[in-house]
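Below you'll find the structure, written out as structure tokens, and then a few comments.
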Amino acid sequence: EDYQTEAGEGMVVLDAVHAIQAEQAPDLACRWNCKAGKCGSCSAEINGHPKLMCMTRLNTLDLTEPVIVEPMRAFPPIKDLVTDVSWNFEVKKGIRKFRPRAPDAADGTWRMSQRDADRVQEFRKCIECFLCQDVCHVLRDHEDNKEAFAGPRFFLRYAELDMHPLDTSDRRDRAQDAAGLGMCNITKCCTEVCPEHIKITDNAIIPLKERVVDRFYDPIAKLFGFSKKR
């Protein structure tokens with residue numbers, strides 16, 4: 001459907017969609033919540049690029065041409081701009097939960113370095129907008145692979161847990177087998193669309209791949225039995 005609406009100063013794509021809902025198409029379906037780029041609800045494809053509608057200003061787009069707003073292509077459409085992303089939450093259930101080691105201080109708390117805290121804190125910025133999942137060509141172009149490939153959002157989660165200095169679980173086997181880490185060819189397209197600017201590829205996926213190699217394929221580690229999480 002084609003719609004025309006006024007583009008006022010400071011407006012974002014979500015504002016335009018709301019104006020169209022209010023004035024022309026009250027049945028237009030659109031998912032949103034905070035309008036501050038922190039809930040991840042209003043993910044869509046704007047002129048073919050996965051973006052948050054609430055963070056895409058109209059003055060950054062060529063308004064001499066139609067602005068094309070589409071639902072995320074990697075997930076089944078429900079209605080208009082709303083897609084069914086429930087598969088992502090099912091994947092999340094299959095990841096082993098955080099299991100801390102015994103407290104190492106007399107007061108029953110833990111000690112960890114600031115460097116380690118900073119590393120995992122970056123991963124916790126994820127707002128689960130699933131734009132990285134949407135742009136991933138393995139999920140977008142090979143829908144039948146979804147049961148065998150978790151996607152960048154969950155490789156980020158695996159890395160967050162595996163690199164946490166207090167966690168005791170080893171998830172590298174599931175990352176490699178159940179999550180399909182080996183199918184990721186590190187094109188960095190997921191990093192490019194992340195609204196939180198998380199370096200998904202460089203700081204999560206590549207180090208996670210290295211840890212998997214250490215665990216399963218390093219001949220020196222196999223020889224001397226260095227297979228524990230580190």
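Going through the structure tokens in order, the chains are called A, B, and so on, while each chain numbers its residues from 1 and the ligands are numbered from 1 in the order shown.
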
### Query
Looking only at the backbone, which of the residues in region 56-225 of chain A does DSSP tag as strand (DSSP E or B), as a PyMOL selection string?
chain A and resi 57+69-70+77-79+82-83+100+167

So that I have them on file, write out the residues from the current selection with N, CA and C atoms, as a PDB file, in the first residue's frame.
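result-v5.pdb, written as the output of this step:
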```pdb
ATOM      1  N   ARG A  57      15.735   8.508  11.360  1.00  0.00           N
ATOM      2  CA  ARG A  57      15.140   9.816  11.097  1.00  0.00           C
ATOM      3  C   ARG A  57      14.823   9.976   9.615  1.00  0.00           C
ATOM      4  N   VAL A  69       8.877   0.570   3.701  1.00  0.00           N
ATOM      5  CA  VAL A  69       8.967  -0.045   5.022  1.00  0.00           C
ATOM      6  C   VAL A  69       8.349  -1.433   4.929  1.00  0.00           C
ATOM      7  N   GLU A  70       9.154  -2.448   5.292  1.00  0.00           N
ATOM      8  CA  GLU A  70       8.721  -3.837   5.182  1.00  0.00           C
ATOM      9  C   GLU A  70       8.999  -4.573   6.490  1.00  0.00           C
ATOM     10  N   PRO A  77       5.664 -13.578   8.518  1.00  0.00           N
ATOM     11  CA  PRO A  77       4.822 -12.411   8.747  1.00  0.00           C
ATOM     12  C   PRO A  77       3.540 -12.787   9.489  1.00  0.00           C
ATOM     13  N   ILE A  78       3.116 -11.922  10.393  1.00  0.00           N
ATOM     14  CA  ILE A  78       1.824 -12.085  11.071  1.00  0.00           C
ATOM     15  C   ILE A  78       0.808 -11.154  10.427  1.00  0.00           C
ATOM     16  N   LYS A  79       1.149  -9.865  10.379  1.00  0.00           N
ATOM     17  CA  LYS A  79       0.282  -8.879   9.725  1.00  0.00           C
ATOM     18  C   LYS A  79       1.078  -7.603   9.504  1.00  0.00           C
ATOM     19  N   VAL A  82       4.402  -6.642  11.364  1.00  0.00           N
ATOM     20  CA  VAL A  82       4.626  -7.508  12.531  1.00  0.00           C
ATOM     21  C   VAL A  82       5.004  -8.906  12.067  1.00  0.00           C
ATOM     22  N   THR A  83       6.105  -9.423  12.622  1.00  0.00           N
ATOM     23  CA  THR A  83       6.566 -10.777  12.292  1.00  0.00           C
ATOM     24  C   THR A  83       6.566 -11.650  13.542  1.00  0.00           C
ATOM     25  N   PRO A 100      27.302 -19.943  38.561  1.00  0.00           N
ATOM     26  CA  PRO A 100      28.536 -19.365  39.114  1.00  0.00           C
ATOM     27  C   PRO A 100      29.304 -20.352  39.984  1.00  0.00           C
ATOM     28  N   ASP A 167      31.362 -18.051  35.643  1.00  0.00           N
ATOM     29  CA  ASP A 167      30.532 -19.157  35.181  1.00  0.00           C
ATOM     30  C   ASP A 167      31.336 -20.450  35.095  1.00  0.00           C
TER      31      ASP A 167
END
```

### Task
Excluding Arg119 (chain A) and residues on its chain fewer than 4 positions from it, collect all residues at most 9 Å away from it, counting only C-alpha atoms, and give them as an NGL selection string.
:A and (114-115 or 123 or 160 or 163-164 or 203)

#### Entry: From A:Glu23, A:Glu45, A:Glu128, A:Asp80, residue lying nearest Glu1 (chain A) [only C-alpha atoms]
A:Asp80

### Query
Could you pull out the helix (DSSP H, G or I) residues of region 5-158 of chain A from DSSP and send them as a ChimeraX atom specification?
/A:13-23,53-55,58-60,86-93,114-123,131-135,137-141,143-145,152-158

### Query
Smallest atom-to-atom distance to Ala44 (chain A): which of A:Leu61, A:Ala159, A:Val120, A:Ala74, using only C-alpha atoms?
A:Ala74

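With CA of Ile200 (chain A) on one side and CA of Ser113 (chain A) on the other, the separation reads 22.0 Å.
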
### Message
When you look at Glu196 (chain A) with a cut-off of 10 Å (counting only C-alpha atoms), what residues show up, excluding the ones that are within fewer than 5 positions of it in the same chain? I need them as a ChimeraX atom specification.
### Response
/A:37-38,122-123,125-127,129,191

Would you put the residues from that selection into a file with C-alpha atoms, as a PDB file, in the first residue's frame?
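Final file, out.pdb:
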```
ATOM      1  CA  GLY A  37      15.775   2.464  20.790  1.00  0.00           C
ATOM      2  CA  LYS A  38      15.909   0.286  23.910  1.00  0.00           C
ATOM      3  CA  GLU A 122      29.200  -5.157  26.137  1.00  0.00           C
ATOM      4  CA  PHE A 123      27.224  -8.302  25.353  1.00  0.00           C
ATOM      5  CA  LYS A 125      23.688  -4.257  25.882  1.00  0.00           C
ATOM      6  CA  CYS A 126      21.696  -6.451  23.462  1.00  0.00           C
ATOM      7  CA  ILE A 127      18.042  -5.304  23.254  1.00  0.00           C
ATOM      8  CA  CYS A 129      15.673  -6.432  18.319  1.00  0.00           C
ATOM      9  CA  THR A 191      27.619  -6.178  13.487  1.00  0.00           C
TER      10      THR A 191
END
```

### Message
Could you check the closest approach to Trp87 (chain A) for each of A:Ala150, A:Cys39, A:Leu208, A:Ile198 and tell me which residue wins, using only C-alpha atoms?
### Response
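Among the listed residues, A:Ala150 lies closest to Trp87 (chain A).
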
#### Entry: Residues near Thr5 (chain A), cut-off 9 Å, only C-alpha atoms, skip fewer than 3 positions along chain, as a PyMOL selection string
chain A and resi 16-17+19-20+23
